[in-house]
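Below: final_28.pdb (PDB, C-alpha atoms, pLDDT in the B column)
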ATOM      1  CA  MET L  24     133.026  66.639 125.383  1.00 90.00           C
ATOM      2  CA  LEU L  25     133.164  69.333 128.057  1.00 96.00           C
ATOM      3  CA  ILE L  26     130.842  71.932 126.465  1.00 97.00           C
ATOM      4  CA  ARG L  27     128.055  71.388 123.954  1.00 97.00           C
ATOM      5  CA  LEU L  28     125.791  74.242 122.866  1.00 97.00           C
ATOM      6  CA  THR L  29     122.931  73.378 120.531  1.00 97.00           C
ATOM      7  CA  GLY L  30     120.691  75.956 118.879  1.00 97.00           C
ATOM      8  CA  ILE L  31     121.391  78.621 121.509  1.00 97.00           C
ATOM      9  CA  LYS L  32     119.313  81.769 121.152  1.00 97.00           C
ATOM     10  CA  LYS L  33     119.162  84.782 123.454  1.00 97.00           C
ATOM     11  CA  ILE L  34     116.385  87.256 122.740  1.00 96.00           C
ATOM     12  CA  TYR L  35     115.846  90.570 124.508  1.00 90.00           C
ATOM     13  CA  GLN L  36     112.815  92.802 124.256  1.00 88.00           C
ATOM     14  CA  VAL L  37     113.717  96.497 124.419  1.00 87.00           C
ATOM     15  CA  GLY L  38     110.519  98.491 124.115  1.00 86.00           C
ATOM     16  CA  VAL L  39     108.956  97.444 120.814  1.00 88.00           C
ATOM     17  CA  GLU L  40     112.294  96.167 119.461  1.00 89.00           C
ATOM     18  CA  THR L  41     113.273  92.501 119.573  1.00 91.00           C
ATOM     19  CA  ILE L  42     117.026  91.932 119.785  1.00 91.00           C
ATOM     20  CA  HIS L  43     118.501  88.550 118.863  1.00 92.00           C
ATOM     21  CA  ALA L  44     121.770  88.724 120.803  1.00 95.00           C
ATOM     22  CA  LEU L  45     122.432  85.068 119.939  1.00 97.00           C
ATOM     23  CA  ASP L  46     120.694  83.566 116.932  1.00 95.00           C
ATOM     24  CA  GLY L  47     121.231  79.815 116.832  1.00 95.00           C
ATOM     25  CA  VAL L  48     124.727  79.088 118.147  1.00 97.00           C
ATOM     26  CA  ASP L  49     126.137  75.560 117.982  1.00 97.00           C
ATOM     27  CA  LEU L  50     129.468  75.068 119.717  1.00 97.00           C
ATOM     28  CA  GLN L  51     131.524  72.200 121.099  1.00 97.00           C
ATOM     29  CA  VAL L  52     134.616  72.539 123.283  1.00 97.00           C
ATOM     30  CA  ASP L  53     136.688  69.611 124.511  1.00 96.00           C
ATOM     31  CA  ALA L  54     138.562  69.521 127.792  1.00 96.00           C
ATOM     32  CA  ASN L  55     142.028  71.157 127.620  1.00 95.00           C
ATOM     33  CA  GLU L  56     141.184  73.335 124.619  1.00 96.00           C
ATOM     34  CA  PHE L  57     142.223  76.989 124.417  1.00 96.00           C
ATOM     35  CA  VAL L  58     139.556  78.913 122.502  1.00 97.00           C
ATOM     36  CA  ALA L  59     139.403  82.611 121.617  1.00 96.00           C
ATOM     37  CA  ILE L  60     136.115  84.326 120.732  1.00 96.00           C
ATOM     38  CA  MET L  61     136.298  87.470 118.598  1.00 96.00           C
ATOM     39  CA  GLY L  62     133.806  89.816 116.983  1.00 93.00           C
ATOM     40  CA  PRO L  63     132.765  93.468 116.747  1.00 91.00           C
ATOM     41  CA  SER L  64     130.628  95.186 119.380  1.00 88.00           C
ATOM     42  CA  GLY L  65     127.138  93.746 119.285  1.00 89.00           C
ATOM     43  CA  SER L  66     128.247  90.479 117.683  1.00 93.00           C
ATOM     44  CA  GLY L  67     127.100  88.420 120.671  1.00 94.00           C
ATOM     45  CA  LYS L  68     130.464  87.371 122.077  1.00 93.00           C
ATOM     46  CA  SER L  69     129.830  88.781 125.573  1.00 91.00           C
ATOM     47  CA  THR L  70     126.337  87.267 125.647  1.00 94.00           C
ATOM     48  CA  LEU L  71     127.850  83.936 124.668  1.00 95.00           C
ATOM     49  CA  MET L  72     130.402  84.254 127.466  1.00 94.00           C
ATOM     50  CA  ASN L  73     127.606  84.918 129.960  1.00 94.00           C
ATOM     51  CA  ILE L  74     125.783  81.799 128.790  1.00 95.00           C
ATOM     52  CA  LEU L  75     128.959  79.698 129.029  1.00 96.00           C
ATOM     53  CA  GLY L  76     129.585  81.026 132.537  1.00 95.00           C
ATOM     54  CA  CYS L  77     126.025  80.253 133.650  1.00 95.00           C
ATOM     55  CA  LEU L  78     125.569  83.945 134.433  1.00 93.00           C
ATOM     56  CA  ASP L  79     122.572  84.015 132.070  1.00 93.00           C
ATOM     57  CA  ARG L  80     120.187  81.452 130.610  1.00 93.00           C
ATOM     58  CA  PRO L  81     119.445  81.071 126.907  1.00 95.00           C
ATOM     59  CA  THR L  82     115.981  81.839 125.589  1.00 95.00           C
ATOM     60  CA  HIS L  83     116.090  78.706 123.429  1.00 96.00           C
ATOM     61  CA  GLY L  84     118.498  75.819 122.953  1.00 96.00           C
ATOM     62  CA  THR L  85     120.492  73.581 125.265  1.00 96.00           C
ATOM     63  CA  TYR L  86     123.796  73.973 127.090  1.00 96.00           C
ATOM     64  CA  GLU L  87     125.418  70.758 128.295  1.00 96.00           C
ATOM     65  CA  LEU L  88     128.364  71.097 130.655  1.00 95.00           C
ATOM     66  CA  ALA L  89     130.197  67.793 131.128  1.00 92.00           C
ATOM     67  CA  GLY L  90     127.037  65.965 130.060  1.00 91.00           C
ATOM     68  CA  GLU L  91     124.652  67.889 132.346  1.00 91.00           C
ATOM     69  CA  GLN L  92     121.995  70.199 130.921  1.00 92.00           C
ATOM     70  CA  THR L  93     122.270  73.523 132.717  1.00 92.00           C
ATOM     71  CA  SER L  94     118.638  74.349 131.854  1.00 86.00           C
ATOM     72  CA  ARG L  95     117.576  71.643 134.302  1.00 88.00           C
ATOM     73  CA  MET L  96     119.572  73.140 137.158  1.00 91.00           C
ATOM     74  CA  GLY L  97     117.991  75.331 139.793  1.00 90.00           C
ATOM     75  CA  GLY L  98     119.512  78.521 141.136  1.00 89.00           C
ATOM     76  CA  SER L  99     121.513  76.797 143.892  1.00 90.00           C
ATOM     77  CA  ALA L 100     122.949  74.219 141.500  1.00 92.00           C
ATOM     78  CA  LEU L 101     123.958  76.920 139.027  1.00 92.00           C
ATOM     79  CA  ALA L 102     125.618  78.889 141.830  1.00 91.00           C
ATOM     80  CA  ARG L 103     127.677  75.805 142.703  1.00 91.00           C
ATOM     81  CA  VAL L 104     128.674  75.408 139.039  1.00 92.00           C
ATOM     82  CA  ARG L 105     129.808  79.041 138.894  1.00 93.00           C
ATOM     83  CA  ASN L 106     131.746  78.701 142.128  1.00 90.00           C
ATOM     84  CA  GLN L 107     133.339  75.301 141.682  1.00 90.00           C
ATOM     85  CA  ARG L 108     133.489  74.456 137.979  1.00 93.00           C
ATOM     86  CA  ILE L 109     134.026  77.801 136.272  1.00 95.00           C
ATOM     87  CA  GLY L 110     136.719  80.378 136.992  1.00 95.00           C
ATOM     88  CA  PHE L 111     136.167  83.971 135.870  1.00 94.00           C
ATOM     89  CA  VAL L 112     138.796  86.560 134.899  1.00 94.00           C
ATOM     90  CA  PHE L 113     137.654  90.096 134.060  1.00 89.00           C
ATOM     91  CA  GLN L 114     139.280  93.020 132.282  1.00 86.00           C
ATOM     92  CA  SER L 115     138.816  95.244 135.361  1.00 88.00           C
ATOM     93  CA  PHE L 116     140.212  92.590 137.780  1.00 91.00           C
ATOM     94  CA  GLU L 117     137.226  92.919 140.208  1.00 91.00           C
ATOM     95  CA  LEU L 118     139.397  92.738 143.340  1.00 95.00           C
ATOM     96  CA  MET L 119     138.238  93.820 146.794  1.00 95.00           C
ATOM     97  CA  PRO L 120     140.330  96.951 147.515  1.00 95.00           C
ATOM     98  CA  ARG L 121     140.558  96.449 151.301  1.00 95.00           C
ATOM     99  CA  PHE L 122     141.586  92.808 151.087  1.00 96.00           C
ATOM    100  CA  SER L 123     145.116  91.499 150.691  1.00 97.00           C
ATOM    101  CA  ALA L 124     145.973  89.419 147.649  1.00 97.00           C
ATOM    102  CA  VAL L 125     145.666  86.190 149.599  1.00 97.00           C
ATOM    103  CA  ARG L 126     142.228  87.145 150.945  1.00 96.00           C
ATOM    104  CA  ASN L 127     141.055  88.130 147.454  1.00 97.00           C
ATOM    105  CA  VAL L 128     142.173  84.766 146.110  1.00 97.00           C
ATOM    106  CA  ALA L 129     140.433  82.934 148.956  1.00 95.00           C
ATOM    107  CA  LEU L 130     137.047  84.615 148.335  1.00 94.00           C
ATOM    108  CA  PRO L 131     135.549  81.694 146.338  1.00 93.00           C
ATOM    109  CA  LEU L 132     136.185  79.512 149.417  1.00 92.00           C
ATOM    110  CA  THR L 133     134.131  81.743 151.722  1.00 86.00           C
ATOM    111  CA  TYR L 134     131.424  79.116 152.207  1.00 78.00           C
ATOM    112  CA  SER L 135     133.825  76.197 152.294  1.00 78.00           C
ATOM    113  CA  PRO L 136     133.781  74.096 155.495  1.00 78.00           C
ATOM    114  CA  ASP L 137     137.563  74.572 155.679  1.00 78.00           C
ATOM    115  CA  GLY L 138     138.891  76.897 158.330  1.00 81.00           C
ATOM    116  CA  TRP L 139     140.828  80.037 157.435  1.00 83.00           C
ATOM    117  CA  SER L 140     144.217  78.332 157.773  1.00 88.00           C
ATOM    118  CA  ASN L 141     143.296  75.777 155.085  1.00 91.00           C
ATOM    119  CA  ARG L 142     141.704  78.430 152.861  1.00 92.00           C
ATOM    120  CA  ARG L 143     144.816  80.579 153.240  1.00 93.00           C
ATOM    121  CA  ARG L 144     147.078  77.650 152.330  1.00 94.00           C
ATOM    122  CA  LYS L 145     145.050  76.975 149.167  1.00 94.00           C
ATOM    123  CA  ALA L 146     145.140  80.673 148.276  1.00 95.00           C
ATOM    124  CA  LEU L 147     148.911  80.798 148.750  1.00 96.00           C
ATOM    125  CA  ASP L 148     149.275  77.737 146.529  1.00 95.00           C
ATOM    126  CA  ALA L 149     147.183  79.461 143.838  1.00 95.00           C
ATOM    127  CA  LEU L 150     149.307  82.618 144.109  1.00 95.00           C
ATOM    128  CA  ALA L 151     152.455  80.524 143.789  1.00 94.00           C
ATOM    129  CA  ARG L 152     151.035  78.978 140.625  1.00 91.00           C
ATOM    130  CA  VAL L 153     150.912  82.462 139.032  1.00 93.00           C
ATOM    131  CA  ASN L 154     154.335  83.435 140.485  1.00 92.00           C
ATOM    132  CA  LEU L 155     152.943  85.935 142.968  1.00 94.00           C
ATOM    133  CA  ALA L 156     153.381  84.272 146.362  1.00 93.00           C
ATOM    134  CA  ASP L 157     155.681  87.105 147.475  1.00 95.00           C
ATOM    135  CA  ARG L 158     152.810  89.610 147.109  1.00 95.00           C
ATOM    136  CA  ALA L 159     150.316  87.707 149.266  1.00 96.00           C
ATOM    137  CA  ALA L 160     150.032  90.462 151.893  1.00 97.00           C
ATOM    138  CA  HIS L 161     149.746  93.339 149.395  1.00 97.00           C
ATOM    139  CA  ARG L 162     146.458  95.107 148.729  1.00 97.00           C
ATOM    140  CA  PRO L 163     145.373  95.876 145.147  1.00 96.00           C
ATOM    141  CA  ASN L 164     146.562  99.503 145.352  1.00 96.00           C
ATOM    142  CA  GLN L 165     150.063  98.169 146.055  1.00 97.00           C
ATOM    143  CA  LEU L 166     150.096  96.007 142.920  1.00 96.00           C
ATOM    144  CA  SER L 167     150.737  96.742 139.258  1.00 93.00           C
ATOM    145  CA  GLY L 168     148.087  96.033 136.626  1.00 92.00           C
ATOM    146  CA  GLY L 169     149.745  92.781 135.663  1.00 92.00           C
ATOM    147  CA  GLN L 170     150.013  91.690 139.284  1.00 95.00           C
ATOM    148  CA  LYS L 171     146.320  92.465 139.834  1.00 95.00           C
ATOM    149  CA  GLN L 172     145.433  90.292 136.853  1.00 93.00           C
ATOM    150  CA  ARG L 173     147.609  87.487 138.215  1.00 94.00           C
ATOM    151  CA  VAL L 174     145.732  87.718 141.522  1.00 96.00           C
ATOM    152  CA  ALA L 175     142.464  87.549 139.576  1.00 95.00           C
ATOM    153  CA  ILE L 176     143.691  84.467 137.688  1.00 95.00           C
ATOM    154  CA  ALA L 177     144.799  82.817 140.942  1.00 96.00           C
ATOM    155  CA  ARG L 178     141.332  83.497 142.409  1.00 96.00           C
ATOM    156  CA  ALA L 179     139.734  81.938 139.315  1.00 96.00           C
ATOM    157  CA  LEU L 180     141.921  78.823 139.667  1.00 94.00           C
ATOM    158  CA  ILE L 181     141.560  78.198 143.400  1.00 94.00           C
ATOM    159  CA  ASN L 182     138.696  75.703 143.041  1.00 92.00           C
ATOM    160  CA  GLN L 183     140.463  73.881 140.184  1.00 92.00           C
ATOM    161  CA  PRO L 184     137.653  74.713 137.744  1.00 94.00           C
ATOM    162  CA  ASP L 185     136.837  72.764 134.602  1.00 94.00           C
ATOM    163  CA  ILE L 186     136.825  75.996 132.591  1.00 96.00           C
ATOM    164  CA  LEU L 187     138.670  79.304 132.881  1.00 97.00           C
ATOM    165  CA  LEU L 188     136.636  82.107 131.239  1.00 96.00           C
ATOM    166  CA  ALA L 189     138.540  85.329 130.575  1.00 95.00           C
ATOM    167  CA  ASP L 190     136.826  88.477 129.278  1.00 92.00           C
ATOM    168  CA  GLU L 191     139.400  90.809 127.660  1.00 91.00           C
ATOM    169  CA  PRO L 192     142.064  89.701 130.178  1.00 90.00           C
ATOM    170  CA  THR L 193     144.744  91.981 128.683  1.00 89.00           C
ATOM    171  CA  GLY L 194     142.504  94.932 127.807  1.00 85.00           C
ATOM    172  CA  ASN L 195     143.874  97.229 130.539  1.00 82.00           C
ATOM    173  CA  LEU L 196     147.512  96.146 130.285  1.00 86.00           C
ATOM    174  CA  ASP L 197     150.562  97.479 128.440  1.00 85.00           C
ATOM    175  CA  SER L 198     152.461  95.348 125.914  1.00 83.00           C
ATOM    176  CA  ARG L 199     155.063  94.014 128.344  1.00 85.00           C
ATOM    177  CA  THR L 200     152.444  93.025 130.918  1.00 88.00           C
ATOM    178  CA  THR L 201     150.216  91.581 128.182  1.00 89.00           C
ATOM    179  CA  GLU L 202     153.086  89.290 127.211  1.00 88.00           C
ATOM    180  CA  ASP L 203     153.435  88.077 130.812  1.00 90.00           C
ATOM    181  CA  ILE L 204     149.709  87.308 131.122  1.00 91.00           C
ATOM    182  CA  LEU L 205     149.569  85.548 127.756  1.00 92.00           C
ATOM    183  CA  LYS L 206     152.573  83.409 128.679  1.00 92.00           C
ATOM    184  CA  LEU L 207     150.792  82.491 131.904  1.00 93.00           C
ATOM    185  CA  LEU L 208     147.585  81.519 130.059  1.00 93.00           C
ATOM    186  CA  VAL L 209     149.543  79.435 127.541  1.00 92.00           C
ATOM    187  CA  GLN L 210     151.376  77.698 130.388  1.00 93.00           C
ATOM    188  CA  LEU L 211     148.098  76.967 132.224  1.00 94.00           C
ATOM    189  CA  HIS L 212     146.715  75.471 129.034  1.00 94.00           C
ATOM    190  CA  ARG L 213     149.782  73.281 128.618  1.00 93.00           C
ATOM    191  CA  GLU L 214     149.208  72.075 132.186  1.00 93.00           C
ATOM    192  CA  GLY L 215     145.720  70.909 131.203  1.00 94.00           C
ATOM    193  CA  GLN L 216     143.456  73.902 131.861  1.00 95.00           C
ATOM    194  CA  THR L 217     140.525  74.521 129.496  1.00 97.00           C
ATOM    195  CA  ILE L 218     140.505  78.234 128.633  1.00 97.00           C
ATOM    196  CA  ILE L 219     138.000  80.378 126.734  1.00 97.00           C
ATOM    197  CA  ILE L 220     138.798  84.054 126.211  1.00 96.00           C
ATOM    198  CA  VAL L 221     136.879  86.920 124.662  1.00 94.00           C
ATOM    199  CA  THR L 222     139.150  89.441 122.971  1.00 92.00           C
ATOM    200  CA  HIS L 223     139.006  92.085 120.255  1.00 88.00           C
ATOM    201  CA  GLU L 224     142.767  91.760 119.614  1.00 86.00           C
ATOM    202  CA  ARG L 225     143.771  89.251 116.961  1.00 86.00           C
ATOM    203  CA  ASP L 226     147.283  89.054 118.410  1.00 84.00           C
ATOM    204  CA  VAL L 227     145.874  87.843 121.716  1.00 87.00           C
ATOM    205  CA  ALA L 228     143.590  85.395 119.899  1.00 91.00           C
ATOM    206  CA  ALA L 229     146.626  84.011 118.060  1.00 90.00           C
ATOM    207  CA  CYS L 230     147.781  82.457 121.340  1.00 91.00           C
ATOM    208  CA  ALA L 231     144.758  80.139 121.386  1.00 94.00           C
ATOM    209  CA  GLN L 232     144.231  76.773 119.644  1.00 93.00           C
ATOM    210  CA  ARG L 233     140.972  77.834 117.999  1.00 95.00           C
ATOM    211  CA  VAL L 234     139.649  81.238 116.998  1.00 96.00           C
ATOM    212  CA  ILE L 235     135.895  81.738 116.720  1.00 97.00           C
ATOM    213  CA  HIS L 236     134.601  84.837 114.937  1.00 96.00           C
ATOM    214  CA  MET L 237     131.071  86.003 115.701  1.00 96.00           C
ATOM    215  CA  HIS L 238     128.806  88.308 113.725  1.00 95.00           C
ATOM    216  CA  ASP L 239     125.168  89.265 114.320  1.00 94.00           C
ATOM    217  CA  GLY L 240     124.710  86.669 117.046  1.00 95.00           C
ATOM    218  CA  ARG L 241     126.060  83.767 115.003  1.00 96.00           C
ATOM    219  CA  ILE L 242     129.368  81.968 114.646  1.00 97.00           C
ATOM    220  CA  HIS L 243     130.794  83.229 111.365  1.00 95.00           C
ATOM    221  CA  SER L 244     133.928  81.056 111.421  1.00 95.00           C
ATOM    222  CA  ASP L 245     135.654  78.566 113.708  1.00 95.00           C
ATOM    223  CA  GLN L 246     139.264  77.916 112.709  1.00 93.00           C
ATOM    224  CA  PRO L 247     142.188  76.116 114.368  1.00 92.00           C
ATOM    225  CA  VAL L 248     145.500  77.856 114.990  1.00 85.00           C
ATOM    226  CA  GLU L 249     147.944  75.534 113.282  1.00 71.00           C
ATOM    227  CA  GLN L 250     151.054  76.032 115.389  1.00 63.00           C
ATOM    228  CA  ASP L 251     151.996  76.643 118.992  1.00 63.00           C
ATOM    229  CA  PRO L 252     152.180  80.372 119.671  1.00 59.00           C
ATOM    230  CA  ASP L 253     155.404  82.249 120.204  1.00 65.00           C
ATOM    231  CA  VAL L 254     153.958  84.775 122.657  1.00 69.00           C
ATOM    232  CA  GLY L 255     156.973  87.051 122.405  1.00 63.00           C
ATOM    233  CA  SER L 256     156.591  87.305 118.629  1.00 64.00           C
ATOM    234  CA  VAL L 257     152.848  87.854 118.943  1.00 63.00           C
ATOM    235  CA  VAL L 258     153.291  90.749 121.363  1.00 62.00           C
ATOM    236  CA  ALA L 259     156.185  92.224 119.345  1.00 64.00           C
ATOM    237  CA  ALA L 260     153.949  92.296 116.255  1.00 61.00           C
ATOM    238  CA  LYS L 261     151.188  93.947 118.291  1.00 60.00           C
ATOM    239  CA  ARG L 262     153.606  96.533 119.680  1.00 63.00           C
ATOM    240  CA  GLN L 263     154.893  97.369 116.194  1.00 65.00           C
ATOM    241  CA  ARG L 264     151.399  97.743 114.762  1.00 60.00           C
ATOM    242  CA  ASP L 265     150.263  99.887 117.698  1.00 60.00           C
ATOM    243  CA  SER L 266     153.238 102.215 117.231  1.00 61.00           C
ATOM    244  CA  GLN L 267     152.491 102.529 113.496  1.00 58.00           C
ATOM    245  CA  GLU L 268     148.844 103.336 114.187  1.00 58.00           C
ATOM    246  CA  ALA L 269     149.888 105.998 116.705  1.00 56.00           C
ATOM    247  CA  VAL L 270     151.950 107.870 114.086  1.00 54.00           C
TER     248      VAL L 270
END

Would you mind writing the structure in this file as structure tokens?
Amino acid sequence: MLIRLTGIKKIYQVGVETIHALDGVDLQVDANEFVAIMGPSGSGKSTLMNILGCLDRPTHGTYELAGEQTSRMGGSALARVRNQRIGFVFQSFELMPRFSAVRNVALPLTYSPDGWSNRRRKALDALARVNLADRAAHRPNQLSGGQKQRVAIARALINQPDILLADEPTGNLDSRTTEDILKLLVQLHREGQTIIIVTHERDVAACAQRVIHMHDGRIHSDQPVEQDPDVGSVVAAKRQRDSQEAV
């Protein structure tokens, strides 16, 4: 068992109002699973992602990551977990505009004892894994949206993390580029990577093994996807529906 959440609650106090962002979440994720988390705004999916990524602590409950309780970790230990065991991919890419692709990918290795030549080699290997080695010297403003997201995925993978967390990874991309990124995520999963994505698009979620629906801070349903995804068909269906909605 890679992830085990038990009775997770996250409570915020806003003035006199008490907000239960998460209200008793139990969740288990095995290594090499591909899980999608869906839900309307305010359902708790982003809060859950922050808990899973050790970016926030729960108010109540326990989070075990590979058998270790994160609540017992201090700030330095949590920082190491975020840097070495969890890779993050964001909708807005979060790339440093003045850095080349290879330097952006190497950022998680900043405090590594390796010299720059070794960090650069690892970053080039990560770029090659996402089929972007030929853009290593390009800055973000010289890359397309899909290429920026590939750089972000390479950066997330450079420390060979246990978990890849992706928050709306195709939210800023067109249909063709969405297809490329989804194919990449499916391929990474087939190579053994554990992936958890937050998405509001059911077509994107259909590429996962499991789809979790959240509502009012709770898991409303947790269902397996019964067949391997045909990403091309998934994106074609999305494109058709989008064009119908635009009419």

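We find CA of Lys171 in chain L and CA of Ser115 in chain L to be spaced 9.2 Å apart.
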
- Using the chain letters and numbers from the file, give me the residues hit by the PyMOL selection byres ((chain L and resi 246) around 7), as an NGL selection string. :L and (233-235 or 244-245 or 247-248)

- State, in Å with one decimal place, the distance from CA of Ser123 in chain L to CA of Leu180 in chain L. 17.1 Å

- Message: My list of candidates is L:Tyr35, L:Leu75, L:Val125, L:Asn195. Which is closest to Val104 in chain L when distances are computed with all atoms listed in the file?
- Response: L:Leu75

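Checking L:Asn127, L:Gln114, L:Thr70, L:Thr29 one by one against Leu45 in chain L, counting only C-alpha atoms, you find the shortest gap at L:Thr70.
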
- Task: List the neighbours of Glu191 in chain L out to 12 Å using only C-alpha atoms; skip same-chain residues closer than 4 positions along the sequence, and give me the result as a VMD selection string.
- Result: chain L and resid 59 to 61 68 to 69 72 111 to 116 172 195 to 196 201 204 to 205 219 to 225 227 to 228

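The space separating CA of Thr82 in chain L from CA of Ala179 in chain L comes to 27.4 Å.
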
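This file, queried with the PyMOL selection byres ((chain L and resi 109) around 7), gives the residues Gly76, Val104, Arg105, Asn106, Gln107, Arg108, Gly110, Phe111, Pro184, Asp185, Ile186 and Leu187 of chain L.
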
Atoms kept (C-alpha atoms) for selection, written as a PDB file, keeping the file's coordinate frame:
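Output below, filename again.pdb:
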ATOM      1  CA  GLY L  76     129.585  81.026 132.537  1.00 95.00           C
ATOM      2  CA  VAL L 104     128.674  75.408 139.039  1.00 92.00           C
ATOM      3  CA  ARG L 105     129.808  79.041 138.894  1.00 93.00           C
ATOM      4  CA  ASN L 106     131.746  78.701 142.128  1.00 90.00           C
ATOM      5  CA  GLN L 107     133.339  75.301 141.682  1.00 90.00           C
ATOM      6  CA  ARG L 108     133.489  74.456 137.979  1.00 93.00           C
ATOM      7  CA  GLY L 110     136.719  80.378 136.992  1.00 95.00           C
ATOM      8  CA  PHE L 111     136.167  83.971 135.870  1.00 94.00           C
ATOM      9  CA  PRO L 184     137.653  74.713 137.744  1.00 94.00           C
ATOM     10  CA  ASP L 185     136.837  72.764 134.602  1.00 94.00           C
ATOM     11  CA  ILE L 186     136.825  75.996 132.591  1.00 96.00           C
ATOM     12  CA  LEU L 187     138.670  79.304 132.881  1.00 97.00           C
TER      13      LEU L 187
END

Quick one: axis-aligned box around all listed atoms of range 34-52 of chain L, 3 Å on every side, centre and edge lengths in Å to one decimal, written as lines of an AutoDock Vina configuration file.
center_x = 121.8
center_y = 85.3
center_z = 120.7
size_x = 31.7
size_y = 32.3
size_z = 13.7

- Message: Can you translate the PyMOL selection byres ((chain L and resi 213) around 12) into the concrete residues it hits in this file, as a PyMOL selection string?
- Response: chain L and resi 54-57+206-212+214-218+230-232+251-252

- Message: Between L:Ser64, L:Met24, L:Gly168, L:Leu71, which residue has the minimum interatomic distance to Gly47 in chain L, considering only C-alpha atoms?
- Response: L:Leu71

- Which polymer residues have any atom within 12 Å of an atom of Ile42 in chain L, counting all atoms listed in the file, with same-chain residues fewer than 4 positions away left out, as a VMD selection string? chain L and resid 32 to 38 46 65 to 67 70 82 239 to 240
